[in-house]
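Student: I have a structure I would like to understand better, so I am pasting it below and will then ask my questions one at a time.
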Amino acid sequence: MRRTFTALVLAFSVVGCSISRQQEAEMGRDYAIQINQQLPIVQDAEVNRYINLLGDSIARLTSAPDHNWTFFIVDSPEVNAFAVPGGYVYVNRGLIARTDRMDELAGVLGHEIGHVVERHSVEQMEKAQRAELGIGLACVLTGACGSQAAGTLINVAGTAVFAKFSREAELEADDVGFDNVVRAGISPQGIATMFQKLLEERRTRPSAVEGWFATHPLEEDRLVRIQARIAQIPAAQLSRLARDSQNYQTFRRRLNSLPPSPAPRR
Ligand SMILES: [Zn+2]
């Protein structure tokens, strides 16, 4: 009886409300704690200070400046980046190693910040919860699965955070990411050159970038779209946007000089 009651409350709380800002913040913090326990995170204070300064300079000018924006470097040679709700952004060391200039990393951060600001993971979770509601409701009516229903919902939410985004979500993150970097006074040209590098590497060494392509469907048309937007910016304005900095080069050199990344856990 008690178990049925738990499932009932859960089912109604899912019907009744979407994920609030408060829940998003708490959930994101919990995910970040788990991720930081499971992935090797670069602990060097100087490189962490720099990536947080760069990330904050972009994030604080978005419509969600109050998130607990925190930027981490995952100590992996493979190319990848992802973000979890609440403002926790992760970039692989292997991606940073492939950048030549500040605006290329800024473009990746702007895109990931865009996913968070537009709540793409949160929306996927809400959708997944609605899909799971049928199961939850069946449990309530039959009393068959008891507290297992709660477990199912939590698993579904966890899966949704790391699921591949839809093409629409990627395009939106591209657009929002573009605006994010320009607003911060950084050139969007780095988004295009980074896309070019990733597409080129997919042709030559696909295994190193498969993680990125698994979660960020990227085709040539996304590059064309970004190039078209860059072409709309007046040349005088474009030339005033920052492409690189001494601090970025110092950051990149220091990151490259750290001991090699640990072997990936399989
Ligand atoms: Zn993306």
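We label chains A, B, ... in the order they appear in the structure tokens, count residues from 1 in each chain, and number ligands from 1 in the order shown.
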Name the residues of stretch 11-122 of chain A that come out as strand (DSSP E) in a backbone DSSP run; write them as a PyMOL selection string.

Tutor: chain A and resi 70-74+81-84+88-92

Student: Using only C-alpha atoms and all ligand atoms, I'd like a table of the residues in chain A that come within 8 Å of ligand 1; for each, show the closest atom pair and its distance in Å rounded to one decimal, ordered by chain and ascending number, as JSON lines.

Tutor:
```
{"residue": "A:Phe82", "atom": "CA", "partner": "ligand 1", "partner_atom_place_in_ligand_line": "1 (Zn)", "distance": 7.4}
{"residue": "A:His111", "atom": "CA", "partner": "ligand 1", "partner_atom_place_in_ligand_line": "1 (Zn)", "distance": 6.3}
{"residue": "A:Glu112", "atom": "CA", "partner": "ligand 1", "partner_atom_place_in_ligand_line": "1 (Zn)", "distance": 6.2}
{"residue": "A:His115", "atom": "CA", "partner": "ligand 1", "partner_atom_place_in_ligand_line": "1 (Zn)", "distance": 6.6}
{"residue": "A:Phe165", "atom": "CA", "partner": "ligand 1", "partner_atom_place_in_ligand_line": "1 (Zn)", "distance": 6.8}
{"residue": "A:Ala169", "atom": "CA", "partner": "ligand 1", "partner_atom_place_in_ligand_line": "1 (Zn)", "distance": 7.3}
{"residue": "A:Glu170", "atom": "CA", "partner": "ligand 1", "partner_atom_place_in_ligand_line": "1 (Zn)", "distance": 4.9}
{"residue": "A:Ala173", "atom": "CA", "partner": "ligand 1", "partner_atom_place_in_ligand_line": "1 (Zn)", "distance": 6.1}
{"residue": "A:Asp174", "atom": "CA", "partner": "ligand 1", "partner_atom_place_in_ligand_line": "1 (Zn)", "distance": 7.4}
{"residue": "A:Thr215", "atom": "CA", "partner": "ligand 1", "partner_atom_place_in_ligand_line": "1 (Zn)", "distance": 7.0}
{"residue": "A:His216", "atom": "CA", "partner": "ligand 1", "partner_atom_place_in_ligand_line": "1 (Zn)", "distance": 4.8}
{"residue": "A:Pro217", "atom": "CA", "partner": "ligand 1", "partner_atom_place_in_ligand_line": "1 (Zn)", "distance": 7.6}
```

Student: Mind checking which residues fall within 9 Å of A:Ile226, counting only C-alpha atoms, ignoring those fewer than 6 positions away in the same chain, and posting them as number ranges by chain?

Tutor: A: 174-175, 178, 188-189, 191-192

Student: Extract, using only C-alpha atoms, all DNA, RNA and protein residues at most 9 Å from A:Asn247, discarding same-chain residues fewer than 4 positions from it, and format them as an NGL selection string.

Tutor: :A and (50 or 102 or 251-252)

Student: Tell me, as a list of chain:residue names, which residues lie within 12 Å of stretch 236-243 of chain A, counting only C-alpha atoms; anything in the same chain fewer than 4 positions away does not count.

Tutor: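 Once the nearby chain positions are removed, what remains is A:Thr99, A:Asp100, A:Arg101, A:Met102, A:Asp103, A:Glu104, A:Leu105, A:Ala106, A:Gly107, A:Val181, A:Val182, A:Arg183, A:Ala184, A:Gly185, A:Ile186, A:Ser187, A:Pro188, A:Gln189, A:Gly190, A:Ile191, A:Thr193, A:Arg229, A:Ile230, A:Ala231, A:Gln232, A:Asn247, A:Tyr248, A:Gln249.
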
Student: Do a neighbour search on A:Pro65 at 10 Å with only C-alpha atoms, toss out local chain neighbours closer than 4 positions, and write the hits as a PyMOL selection string.

Tutor: chain A and resi 56+58-61+69+87+117

Student: Determine, counting only C-alpha atoms, which protein, DNA and RNA residues have an atom within 12 Å of an atom of A:Ala208; residues of the same chain fewer than 3 positions away are not included. Present the result as a PyMOL selection string.

Tutor: chain A and resi 76-80+92+94-95+98+198-205+211-214

Student: If you keep C-alpha atoms, can you produce a file of those selected residues as a PDB file, in the first residue's frame?

Tutor:
```pdb
ATOM      1  CA  SER A  76      41.155  12.795 -22.302  1.00  0.00           C
ATOM      2  CA  PRO A  77      42.924  12.977 -25.674  1.00  0.00           C
ATOM      3  CA  GLU A  78      39.676  12.425 -27.558  1.00  0.00           C
ATOM      4  CA  VAL A  79      37.614  15.307 -28.887  1.00  0.00           C
ATOM      5  CA  ASN A  80      34.446  15.969 -26.946  1.00  0.00           C
ATOM      6  CA  ASN A  92      38.081  17.400 -23.288  1.00  0.00           C
ATOM      7  CA  GLY A  94      41.957  16.622 -26.729  1.00  0.00           C
ATOM      8  CA  LEU A  95      39.597  19.251 -28.104  1.00  0.00           C
ATOM      9  CA  ARG A  98      43.239  20.888 -31.560  1.00  0.00           C
ATOM     10  CA  LEU A 198      36.463  18.364 -36.815  1.00  0.00           C
ATOM     11  CA  LEU A 199      35.015  17.529 -40.220  1.00  0.00           C
ATOM     12  CA  GLU A 200      38.507  17.137 -41.640  1.00  0.00           C
ATOM     13  CA  GLU A 201      39.568  14.881 -38.783  1.00  0.00           C
ATOM     14  CA  ARG A 202      36.477  12.733 -39.234  1.00  0.00           C
ATOM     15  CA  ARG A 203      37.724  12.045 -42.754  1.00  0.00           C
ATOM     16  CA  THR A 204      41.288  11.267 -41.720  1.00  0.00           C
ATOM     17  CA  ARG A 205      41.137   9.873 -38.146  1.00  0.00           C
ATOM     18  CA  GLY A 211      32.605  10.833 -29.235  1.00  0.00           C
ATOM     19  CA  TRP A 212      31.963  14.341 -30.464  1.00  0.00           C
ATOM     20  CA  PHE A 213      30.005  13.222 -33.503  1.00  0.00           C
ATOM     21  CA  ALA A 214      27.971  10.748 -31.407  1.00  0.00           C
TER      22      ALA A 214
END
```

Student: Could you tell me which of A:Ser245, A:Asn36, A:Asn52, A:Ser18 comes closest to A:Arg130 if we count only C-alpha atoms?

Tutor: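 Smallest distance to A:Arg130 is found for A:Ser18.
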